[in-house]
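Coordinates as given in coords-v4.cif (mmCIF, C-alpha atoms):
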data_coords
#
loop_
_atom_site.group_PDB
_atom_site.id
_atom_site.type_symbol
_atom_site.label_atom_id
_atom_site.label_comp_id
_atom_site.auth_asym_id
_atom_site.auth_seq_id
_atom_site.Cartn_x
_atom_site.Cartn_y
_atom_site.Cartn_z
ATOM 1 C CA MET A 180 -34.267 41.031 62.083
ATOM 2 C CA ALA A 181 -30.629 40.004 61.649
ATOM 3 C CA GLY A 182 -31.454 36.374 62.349
ATOM 4 C CA ASP A 183 -34.301 36.390 59.904
ATOM 5 C CA ALA A 184 -32.037 37.740 57.161
ATOM 6 C CA GLN A 185 -29.486 35.035 57.842
ATOM 7 C CA VAL A 186 -32.070 32.326 57.621
ATOM 8 C CA ARG A 187 -33.374 33.751 54.384
ATOM 9 C CA ARG A 188 -29.840 33.932 53.044
ATOM 10 C CA ARG A 189 -29.236 30.306 53.956
ATOM 11 C CA ALA A 190 -32.446 29.221 52.333
ATOM 12 C CA PHE A 191 -31.544 31.189 49.243
ATOM 13 C CA LEU A 192 -28.101 29.603 49.092
ATOM 14 C CA ALA A 193 -29.566 26.163 49.564
ATOM 15 C CA ILE A 194 -32.075 26.457 46.748
ATOM 16 C CA THR A 195 -29.647 28.037 44.313
ATOM 17 C CA ALA A 196 -26.631 25.882 45.114
ATOM 18 C CA LEU A 197 -28.459 22.577 44.899
ATOM 19 C CA PRO A 198 -29.486 22.540 41.251
ATOM 20 C CA LEU A 199 -26.110 23.978 40.271
ATOM 21 C CA ALA A 200 -24.246 21.193 42.016
ATOM 22 C CA ALA A 201 -26.546 18.571 40.569
ATOM 23 C CA ARG A 202 -26.165 19.970 37.079
ATOM 24 C CA ALA A 203 -22.395 20.172 37.346
ATOM 25 C CA GLN A 204 -22.213 16.571 38.517
ATOM 26 C CA SER A 205 -24.569 15.142 35.957
ATOM 27 C CA GLN A 206 -22.737 16.799 33.062
ATOM 28 C CA ARG A 207 -19.168 16.448 34.271
ATOM 29 C CA PHE A 208 -19.395 12.756 34.941
ATOM 30 C CA GLN A 209 -19.691 10.734 31.793
ATOM 31 C CA PRO A 210 -20.290 7.113 32.716
ATOM 32 C CA ALA A 211 -18.580 4.436 30.650
ATOM 33 C CA GLN A 212 -21.085 3.125 28.158
ATOM 34 C CA ASP A 213 -21.451 -0.387 26.934
ATOM 35 C CA VAL A 214 -19.734 -0.188 23.559
ATOM 36 C CA ALA A 215 -20.333 -3.859 22.727
ATOM 37 C CA PRO A 216 -23.277 -3.097 20.361
ATOM 38 C CA LEU A 217 -21.161 -0.498 18.541
ATOM 39 C CA LEU A 218 -18.258 -2.929 18.198
ATOM 40 C CA GLN A 219 -20.714 -5.546 16.921
ATOM 41 C CA LYS A 220 -21.949 -3.086 14.321
ATOM 42 C CA LEU A 221 -18.396 -2.255 13.234
ATOM 43 C CA THR A 222 -17.420 -5.899 12.827
ATOM 44 C CA GLY A 223 -20.762 -7.039 11.477
ATOM 45 C CA GLY A 224 -21.001 -9.629 14.235
ATOM 46 C CA VAL A 225 -17.651 -11.277 13.464
ATOM 47 C CA ALA A 226 -15.609 -11.920 16.609
ATOM 48 C CA PRO A 227 -12.351 -9.943 16.328
ATOM 49 C CA GLU A 228 -8.984 -11.509 17.048
ATOM 50 C CA ARG A 229 -7.064 -10.078 19.947
ATOM 51 C CA GLY A 230 -3.602 -8.738 19.352
ATOM 52 C CA GLY A 231 -1.687 -7.595 16.305
ATOM 53 C CA VAL A 232 -2.734 -4.004 16.922
ATOM 54 C CA GLU A 233 -0.383 -1.675 18.723
ATOM 55 C CA ILE A 234 -1.877 1.471 20.270
ATOM 56 C CA GLU A 235 0.485 4.215 21.306
ATOM 57 C CA LEU A 236 -1.267 6.454 23.803
ATOM 58 C CA PRO A 237 0.206 8.192 26.833
ATOM 59 C CA GLN A 238 -0.505 6.270 30.066
ATOM 60 C CA ILE A 239 -1.440 9.555 31.671
ATOM 61 C CA ALA A 240 -2.980 12.179 29.436
ATOM 62 C CA GLU A 241 -2.824 15.576 31.075
ATOM 63 C CA ASN A 242 -5.337 17.216 28.786
ATOM 64 C CA GLY A 243 -8.210 15.181 27.444
ATOM 65 C CA ASN A 244 -8.914 17.788 24.778
ATOM 66 C CA SER A 245 -5.986 16.650 22.686
ATOM 67 C CA VAL A 246 -4.395 13.279 23.265
ATOM 68 C CA PRO A 247 -1.806 12.146 20.704
ATOM 69 C CA MET A 248 -2.450 8.635 19.483
ATOM 70 C CA ARG A 249 -0.759 6.278 17.038
ATOM 71 C CA VAL A 250 -2.099 2.938 15.831
ATOM 72 C CA LYS A 251 0.042 0.309 14.125
ATOM 73 C CA VAL A 252 -1.410 -2.905 12.774
ATOM 74 C CA ALA A 253 1.012 -5.764 12.236
ATOM 75 C CA ASN A 254 -0.337 -6.916 8.899
ATOM 76 C CA PRO A 255 1.058 -6.913 5.355
ATOM 77 C CA MET A 256 -0.484 -4.450 2.892
ATOM 78 C CA THR A 257 -0.883 -6.567 -0.231
ATOM 79 C CA PRO A 258 -3.959 -6.609 -2.493
ATOM 80 C CA GLN A 259 -4.825 -10.060 -1.105
ATOM 81 C CA ASP A 260 -4.230 -9.335 2.569
ATOM 82 C CA HIS A 261 -4.448 -5.786 3.859
ATOM 83 C CA VAL A 262 -5.993 -3.582 6.507
ATOM 84 C CA SER A 263 -9.023 -1.845 5.044
ATOM 85 C CA ALA A 264 -10.132 0.277 7.994
ATOM 86 C CA ILE A 265 -9.152 1.351 11.480
ATOM 87 C CA HIS A 266 -11.873 2.365 13.948
ATOM 88 C CA ILE A 267 -11.205 4.194 17.213
ATOM 89 C CA VAL A 268 -13.773 3.822 20.000
ATOM 90 C CA ALA A 269 -13.687 5.667 23.329
ATOM 91 C CA GLU A 270 -16.250 4.218 25.736
ATOM 92 C CA ARG A 271 -16.683 7.266 27.956
ATOM 93 C CA ASN A 272 -17.017 9.825 25.197
ATOM 94 C CA PRO A 273 -20.585 10.999 24.601
ATOM 95 C CA ARG A 274 -20.144 9.825 21.007
ATOM 96 C CA PRO A 275 -17.978 6.729 21.385
ATOM 97 C CA LEU A 276 -16.958 6.343 17.731
ATOM 98 C CA VAL A 277 -14.108 8.820 17.447
ATOM 99 C CA ALA A 278 -13.074 8.185 13.851
ATOM 100 C CA THR A 279 -12.823 5.660 11.049
ATOM 101 C CA PHE A 280 -9.806 5.614 8.732
ATOM 102 C CA HIS A 281 -9.940 3.791 5.413
ATOM 103 C CA LEU A 282 -6.687 2.297 4.176
ATOM 104 C CA GLY A 283 -5.812 -0.050 1.356
ATOM 105 C CA PRO A 284 -2.943 -1.876 -0.337
ATOM 106 C CA GLN A 285 -1.660 1.516 -1.574
ATOM 107 C CA SER A 286 -1.042 2.533 2.044
ATOM 108 C CA GLY A 287 2.078 0.388 2.256
ATOM 109 C CA ARG A 288 1.983 0.444 6.014
ATOM 110 C CA ALA A 289 -1.006 0.059 8.326
ATOM 111 C CA GLU A 290 -0.240 2.928 10.602
ATOM 112 C CA ILE A 291 -2.067 6.146 11.455
ATOM 113 C CA ALA A 292 -1.488 8.954 13.917
ATOM 114 C CA THR A 293 -3.963 11.511 15.160
ATOM 115 C CA ARG A 294 -5.106 13.493 18.177
ATOM 116 C CA VAL A 295 -8.299 12.550 19.995
ATOM 117 C CA ARG A 296 -10.537 13.939 22.720
ATOM 118 C CA LEU A 297 -11.079 11.784 25.795
ATOM 119 C CA ALA A 298 -13.866 12.589 28.250
ATOM 120 C CA GLY A 299 -12.186 11.073 31.291
ATOM 121 C CA THR A 300 -10.109 8.088 32.291
ATOM 122 C CA GLN A 301 -11.216 5.183 30.170
ATOM 123 C CA LYS A 302 -10.493 2.252 27.936
ATOM 124 C CA VAL A 303 -9.818 3.069 24.284
ATOM 125 C CA THR A 304 -10.610 0.332 21.781
ATOM 126 C CA VAL A 305 -9.182 0.070 18.282
ATOM 127 C CA ILE A 306 -10.677 -2.276 15.709
ATOM 128 C CA ALA A 307 -8.791 -2.999 12.508
ATOM 129 C CA ALA A 308 -10.821 -4.408 9.638
ATOM 130 C CA LEU A 309 -8.763 -6.747 7.467
ATOM 131 C CA SER A 310 -9.515 -7.987 3.984
ATOM 132 C CA GLY A 311 -11.552 -11.184 3.940
ATOM 133 C CA ASN A 312 -13.940 -9.934 6.646
ATOM 134 C CA ARG A 313 -11.503 -10.525 9.500
ATOM 135 C CA PHE A 314 -10.996 -8.159 12.396
ATOM 136 C CA ARG A 315 -8.347 -7.434 14.966
ATOM 137 C CA MET A 316 -8.904 -5.581 18.177
ATOM 138 C CA ALA A 317 -6.847 -4.029 20.959
ATOM 139 C CA GLN A 318 -7.696 -2.052 24.065
ATOM 140 C CA VAL A 319 -5.641 0.284 26.169
ATOM 141 C CA ASP A 320 -6.327 2.138 29.423
ATOM 142 C CA VAL A 321 -5.672 5.847 29.591
ATOM 143 C CA LEU A 322 -5.682 7.966 32.722
ATOM 144 C CA VAL A 323 -6.970 11.431 31.863
ATOM 145 C CA THR A 324 -6.240 14.057 34.507
ATOM 146 C CA SER A 325 -8.300 16.798 32.865
ATOM 147 C CA ALA A 326 -11.184 15.479 30.787
ATOM 148 C CA ALA A 327 -12.223 17.029 27.500
ATOM 149 C CA CYS A 328 -14.601 19.791 28.467
ATOM 150 C CA LEU A 329 -18.240 19.091 27.839
ATOM 151 C CA ASP A 330 -20.006 21.932 29.579
ATOM 152 C CA GLU A 331 -17.496 24.624 30.446
ATOM 153 C CA SER A 332 -17.714 27.872 28.578
ATOM 154 C CA MET A 333 -14.093 27.997 27.484
ATOM 155 C CA MET B 160 -13.058 28.022 2.614
ATOM 156 C CA MET B 161 -11.122 26.414 5.380
ATOM 157 C CA LEU B 162 -7.418 26.363 5.966
ATOM 158 C CA GLY B 163 -5.325 23.252 6.091
ATOM 159 C CA ARG B 164 -1.816 21.983 5.592
ATOM 160 C CA VAL B 165 -0.417 18.840 4.069
ATOM 161 C CA GLN B 166 3.159 17.774 4.527
ATOM 162 C CA VAL B 167 5.116 15.086 2.666
ATOM 163 C CA PRO B 168 8.842 14.258 2.689
ATOM 164 C CA THR B 169 10.932 16.458 0.353
ATOM 165 C CA THR B 170 11.730 13.407 -1.792
ATOM 166 C CA VAL B 171 9.982 10.068 -1.825
ATOM 167 C CA ARG B 172 11.072 6.765 -3.373
ATOM 168 C CA LYS B 173 8.954 4.689 -5.690
ATOM 169 C CA GLY B 174 7.378 1.734 -3.900
ATOM 170 C CA GLU B 175 8.469 2.867 -0.472
ATOM 171 C CA PRO B 176 5.851 3.979 2.068
ATOM 172 C CA PHE B 177 6.103 7.578 3.185
ATOM 173 C CA GLU B 178 4.158 9.533 5.746
ATOM 174 C CA VAL B 179 1.576 12.142 4.754
ATOM 175 C CA ARG B 180 0.608 14.514 7.540
ATOM 176 C CA ILE B 181 -2.536 16.611 7.407
ATOM 177 C CA LEU B 182 -3.606 19.446 9.656
ATOM 178 C CA VAL B 183 -6.982 21.118 9.214
ATOM 179 C CA GLN B 184 -7.906 24.334 10.963
ATOM 180 C CA HIS B 185 -11.319 23.701 12.492
ATOM 181 C CA PRO B 186 -12.820 24.132 15.994
ATOM 182 C CA MET B 187 -14.483 20.660 15.955
ATOM 183 C CA GLU B 188 -17.337 21.855 18.168
ATOM 184 C CA THR B 189 -18.827 18.892 20.003
ATOM 185 C CA GLY B 190 -22.256 20.440 20.544
ATOM 186 C CA TYR B 191 -21.939 19.845 24.296
ATOM 187 C CA ARG B 192 -20.269 23.114 25.142
ATOM 188 C CA ARG B 193 -22.050 26.300 26.207
ATOM 189 C CA ASP B 194 -21.055 29.877 25.598
ATOM 190 C CA LEU B 195 -20.799 32.592 28.266
ATOM 191 C CA ASN B 196 -24.562 33.202 28.131
ATOM 192 C CA GLY B 197 -25.348 29.551 28.720
ATOM 193 C CA GLN B 198 -26.475 28.987 25.141
ATOM 194 C CA ALA B 199 -25.497 25.656 23.656
ATOM 195 C CA ILE B 200 -22.862 25.994 20.934
ATOM 196 C CA PRO B 201 -24.131 23.955 17.975
ATOM 197 C CA MET B 202 -22.127 20.969 16.829
ATOM 198 C CA ASN B 203 -19.772 21.662 13.942
ATOM 199 C CA VAL B 204 -17.168 19.061 13.002
ATOM 200 C CA VAL B 205 -15.211 18.069 9.935
ATOM 201 C CA ASP B 206 -16.839 14.719 9.207
ATOM 202 C CA LYS B 207 -15.194 13.663 5.944
ATOM 203 C CA LEU B 208 -11.662 13.848 4.664
ATOM 204 C CA ALA B 209 -10.081 12.201 1.637
ATOM 205 C CA CYS B 210 -6.627 12.203 0.098
ATOM 206 C CA ARG B 211 -6.009 11.600 -3.590
ATOM 207 C CA ILE B 212 -2.705 11.208 -5.390
ATOM 208 C CA GLY B 213 -2.861 11.561 -9.158
ATOM 209 C CA GLY B 214 -6.654 11.425 -9.020
ATOM 210 C CA ARG B 215 -6.701 8.075 -7.188
ATOM 211 C CA GLU B 216 -8.076 7.970 -3.668
ATOM 212 C CA VAL B 217 -5.410 6.603 -1.324
ATOM 213 C CA PHE B 218 -6.902 7.436 2.055
ATOM 214 C CA SER B 219 -10.181 8.608 3.528
ATOM 215 C CA ALA B 220 -11.540 9.162 6.996
ATOM 216 C CA GLU B 221 -14.837 9.752 8.756
ATOM 217 C CA LEU B 222 -14.332 11.893 11.804
ATOM 218 C CA GLY B 223 -16.541 12.587 14.792
ATOM 219 C CA SER B 224 -16.669 15.014 17.671
ATOM 220 C CA GLY B 225 -14.107 12.853 19.474
ATOM 221 C CA MET B 226 -11.361 14.283 17.306
ATOM 222 C CA ALA B 227 -9.362 17.076 18.873
ATOM 223 C CA ALA B 228 -9.816 20.627 17.578
ATOM 224 C CA ASN B 229 -7.742 21.337 14.468
ATOM 225 C CA PRO B 230 -7.690 17.678 13.425
ATOM 226 C CA TYR B 231 -4.298 16.181 12.733
ATOM 227 C CA ILE B 232 -4.037 12.943 10.767
ATOM 228 C CA ALA B 233 -0.925 11.140 9.603
ATOM 229 C CA PHE B 234 -0.902 8.034 7.426
ATOM 230 C CA TYR B 235 1.345 6.155 5.016
ATOM 231 C CA VAL B 236 1.099 5.760 1.287
ATOM 232 C CA VAL B 237 3.065 4.147 -1.568
ATOM 233 C CA VAL B 238 3.322 5.696 -5.037
ATOM 234 C CA ASP B 239 4.637 4.299 -8.310
ATOM 235 C CA GLY B 240 5.118 7.625 -10.046
ATOM 236 C CA PRO B 241 4.918 11.386 -9.678
ATOM 237 C CA GLY B 242 1.671 13.111 -8.859
ATOM 238 C CA THR B 243 0.071 15.732 -6.713
ATOM 239 C CA VAL B 244 -1.212 15.032 -3.235
ATOM 240 C CA GLU B 245 -4.687 16.504 -2.930
ATOM 241 C CA VAL B 246 -6.569 16.592 0.334
ATOM 242 C CA GLU B 247 -10.224 17.499 0.486
ATOM 243 C CA TRP B 248 -12.452 17.724 3.513
ATOM 244 C CA SER B 249 -15.917 18.960 4.415
ATOM 245 C CA ASP B 250 -17.720 19.682 7.645
ATOM 246 C CA ASP B 251 -21.267 18.861 8.664
ATOM 247 C CA ARG B 252 -22.464 22.269 7.392
ATOM 248 C CA GLY B 253 -21.197 21.516 3.912
ATOM 249 C CA GLU B 254 -18.230 23.842 4.238
ATOM 250 C CA ARG B 255 -15.342 22.521 2.157
ATOM 251 C CA GLY B 256 -11.614 22.900 2.055
ATOM 252 C CA THR B 257 -8.794 21.604 -0.085
ATOM 253 C CA VAL B 258 -5.038 21.704 0.019
ATOM 254 C CA SER B 259 -2.472 20.127 -2.242
ATOM 255 C CA THR B 260 1.254 19.677 -2.579
ATOM 256 C CA PRO B 261 3.446 18.314 -5.374
ATOM 257 C CA LEU B 262 5.284 15.045 -4.867
ATOM 258 C CA ASN B 263 8.961 14.766 -5.680
ATOM 259 C CA VAL B 264 9.397 11.104 -6.649
ATOM 260 C CA THR B 265 12.840 9.608 -7.279
#

What does this structure look like when you write it as C-alpha cells?
Amino acid sequence: MAGDAQVRRRAFLAITALPLAARAQSQRFQPAQDVAPLLQKLTGGVAPERGGVEIELPQIAENGNSVPMRVKVANPMTPQDHVSAIHIVAERNPRPLVATFHLGPQSGRAEIATRVRLAGTQKVTVIAALSGNRFRMAQVDVLVTSAACLDESM
Amino acid sequence: MMLGRVQVPTTVRKGEPFEVRILVQHPMETGYRRDLNGQAIPMNVVDKLACRIGGREVFSAELGSGMAANPYIAFYVVVDGPGTVEVEWSDDRGERGTVSTPLNVT
C-alpha cells in the first residue's frame, strides 16, 4: 500500500506542479516587444535624429519597481525652436509607453526627472519632439536585477 | 481627494529656469497584479497631470502604468512675474487632486 501511496503522491505533485510552473514562467517573462510601430506613431512617420538626448538611468537597477530617470535634451527653448514633448518607451513593459511630458518655451530647460517601472533588463527609448515636426531619439540599456512585479501578490 | 506635494525653490529669479518637483500619493496599480486570493487587482493609475502658474499651463503629462507608485515628476519652468504654482491631476477613475504653492519671485 505504501508504494501505491507514493505513486499517487508523485502523480499528484506532477499534475499540480506543472501548470503552476508554466503559469509562473509565462507571466514572469515579458518578452521584448517590437516598439517600432509605437515609435512610428509617436513621430508620425518622421525619422528621428539620433543624439542630442541624454538619458540618465542607472546601469544596474536593483528594483524595477522604481528606477530613477532623468532626461536632458540639448536644445534651446525659444518660441521658434523648442522641445514640445518627451516620450519614454520601455520595450519589455506590458504597456511600453511609460509617459509623455509636454514642455514648451516657458520651460526654459528641456529636462525632466521621474521614476519609472521596468519589467526586466531592457532598452529604454526616449523620443523628444521638437518644434517644426522634428524628432530626436536616444536609447539606453538598463540591467534590472529585480523586475517590476507583474503577478506577485505583494 | 488625493494627496500630493509640490516643491519650488524658496526664491526664484525672473527669466531663470527653476525646478518644480511634484510627488503624488497614488498606488499606480498596473492591473497585472493579483491579491492574496488570486483575484486580479484592477488597474488604477494617475493618467493626467498639469501644472499652471498664474492660470497659464506650463507643463502637462500623460502617465501610464509604467510610472512607479507615488509618481514623482520634476521639470523646469521660467516665470516673468509672481504667481501661484497649481498642480492638478486625475486618475483613470476620475478621482482628482490638486496642490499649490506660492512663488517668491525676485

Within 10 Å of chain B, which residues of chain A show up? Give each one with its shortest atom-to-atom distance in Å (one decimal) and the two atoms involved, counting all atoms listed in the file, rows by chain then rising residue number, as a tab-separated table.
residue	atom	partner	partner_atom	distance
A:Gln206	CA	B:Tyr191	CA	9.3
A:Gly243	CA	B:Ala227	CA	8.9
A:Asn244	CA	B:Ala227	CA	6.0
A:Ser245	CA	B:Ala227	CA	5.1
A:Val246	CA	B:Ala227	CA	7.6
A:Pro247	CA	B:Ala227	CA	9.2
A:Met248	CA	B:Ile232	CA	9.9
A:Arg249	CA	B:Ala233	CA	8.9
A:Val250	CA	B:Phe234	CA	9.9
A:Ser263	CA	B:Phe218	CA	10.0
A:Ala264	CA	B:Ala220	CA	9.1
A:Ile265	CA	B:Ala220	CA	9.3
A:His266	CA	B:Glu221	CA	9.5
A:Ile267	CA	B:Gly225	CA	9.4
A:Val268	CA	B:Gly225	CA	9.1
A:Ala269	CA	B:Gly225	CA	8.2
A:Asn272	CA	B:Gly225	CA	7.1
A:Pro273	CA	B:Gly225	CA	8.5
A:Arg274	CA	B:Gly225	CA	6.9
A:Pro275	CA	B:Gly225	CA	7.5
A:Leu276	CA	B:Gly223	CA	6.9
A:Val277	CA	B:Gly225	CA	4.5
A:Ala278	CA	B:Leu222	CA	4.4
A:Thr279	CA	B:Glu221	CA	5.1
A:Phe280	CA	B:Ala220	CA	4.3
A:His281	CA	B:Ser219	CA	5.2
A:Leu282	CA	B:Phe218	CA	5.6
A:Gly283	CA	B:Val217	CA	7.2
A:Pro284	CA	B:Val237	CA	8.6
A:Gln285	CA	B:Val237	CA	5.4
A:Ser286	CA	B:Val236	CA	3.9
A:Gly287	CA	B:Pro176	CA	5.2
A:Arg288	CA	B:Tyr235	CA	5.8
A:Ala289	CA	B:Tyr235	CA	7.3
A:Glu290	CA	B:Phe234	CA	6.0
A:Ile291	CA	B:Phe234	CA	4.6
A:Ala292	CA	B:Ala233	CA	4.9
A:Thr293	CA	B:Ile232	CA	4.6
A:Arg294	CA	B:Ala227	CA	5.6
A:Val295	CA	B:Met226	CA	4.4
A:Arg296	CA	B:Gly225	CA	4.9
A:Leu297	CA	B:Gly225	CA	7.1
A:Ala298	CA	B:Gly225	CA	8.8
A:Ala327	CA	B:Ala227	CA	9.1
A:Cys328	CA	B:Arg192	CA	7.4
A:Leu329	CA	B:Tyr191	CA	5.2
A:Asp330	CA	B:Arg192	CA	4.6
A:Glu331	CA	B:Arg192	CA	6.2
A:Ser332	CA	B:Asp194	CA	4.9
A:Met333	CA	B:Asp194	CA	7.5

Item to complete: Could you state which residues are captured by the PyMOL selection byres ((chain A and resi 313) around 10) in this file, as a list in words?
Response: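 The output of the PyMOL selection byres ((chain A and resi 313) around 10) on this file is Thr222, Val225, Ala226, Pro227, Glu228, Val262, Ala307, Ala308, Leu309, Ser310, Gly311, Asn312, Phe314 and Arg315 of chain A.
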
Worksheet item: Quick one: distance from atom CA of Lys302 of chain A to atom CA of Glu233 of chain A in Å, one decimal?
Response: 14.2 Å

Item to complete: Compile the contact shell of Val264 of chain B as a VMD selection string: residues with an atom at most 7 Å away, counting only C-alpha atoms, same-chain residues fewer than 5 positions apart removed.
Response: chain B and resid 170 to 173 240 to 241

Discussion item. The PyMOL selection byres ((chain B and resi 242-254) around 9) - which residues does that actually catch in the file I just gave you? List them as JSON, numbers by chain.
Written reply: {"B": [160, 161, 163, 164, 165, 167, 179, 181, 183, 185, 187, 202, 203, 204, 205, 206, 207, 208, 209, 210, 211, 212, 213, 214, 238, 240, 241, 255, 256, 257, 258, 259, 260, 261, 262, 263, 264]}

Worksheet item: Between atom CA of Asp260 of chain A and atom CA of Gly230 of chain A, what is the spacing in Å?
Response: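 Value for the atom CA of Gly230 of chain A-atom CA of Asp260 of chain A distance: 16.8 Å.
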
Discussion item. So the first atom is atom CA of Arg229 of chain A and the second is atom CA of Val319 of chain A; what is the distance between them in Å, to one decimal place?
Written reply: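 Atom-to-atom, atom CA of Arg229 of chain A and atom CA of Val319 of chain A are spaced 12.2 Å apart.
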
Fill in: Nearby residues, (-7.1, 17.4, 30.2) file frame, 7 Å, all atoms listed in the file, as a list of chain:residue names
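These residues have at least one counted atom within 7 Å: A:Ala240, A:Glu241, A:Asn242, A:Gly243, A:Asn244, A:Val323, A:Thr324, A:Ser325, A:Ala326, A:Ala327.
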
Box for segment 220-236 of chain A: with edges along x, y and z, all listed atoms inside and 5 Å added on each side, what are the centre and edge lengths in Å to one decimal, as JSON?
{"center_x": -10.7, "center_y": -2.7, "center_z": 17.6, "size_x": 32.4, "size_y": 28.4, "size_z": 22.3}
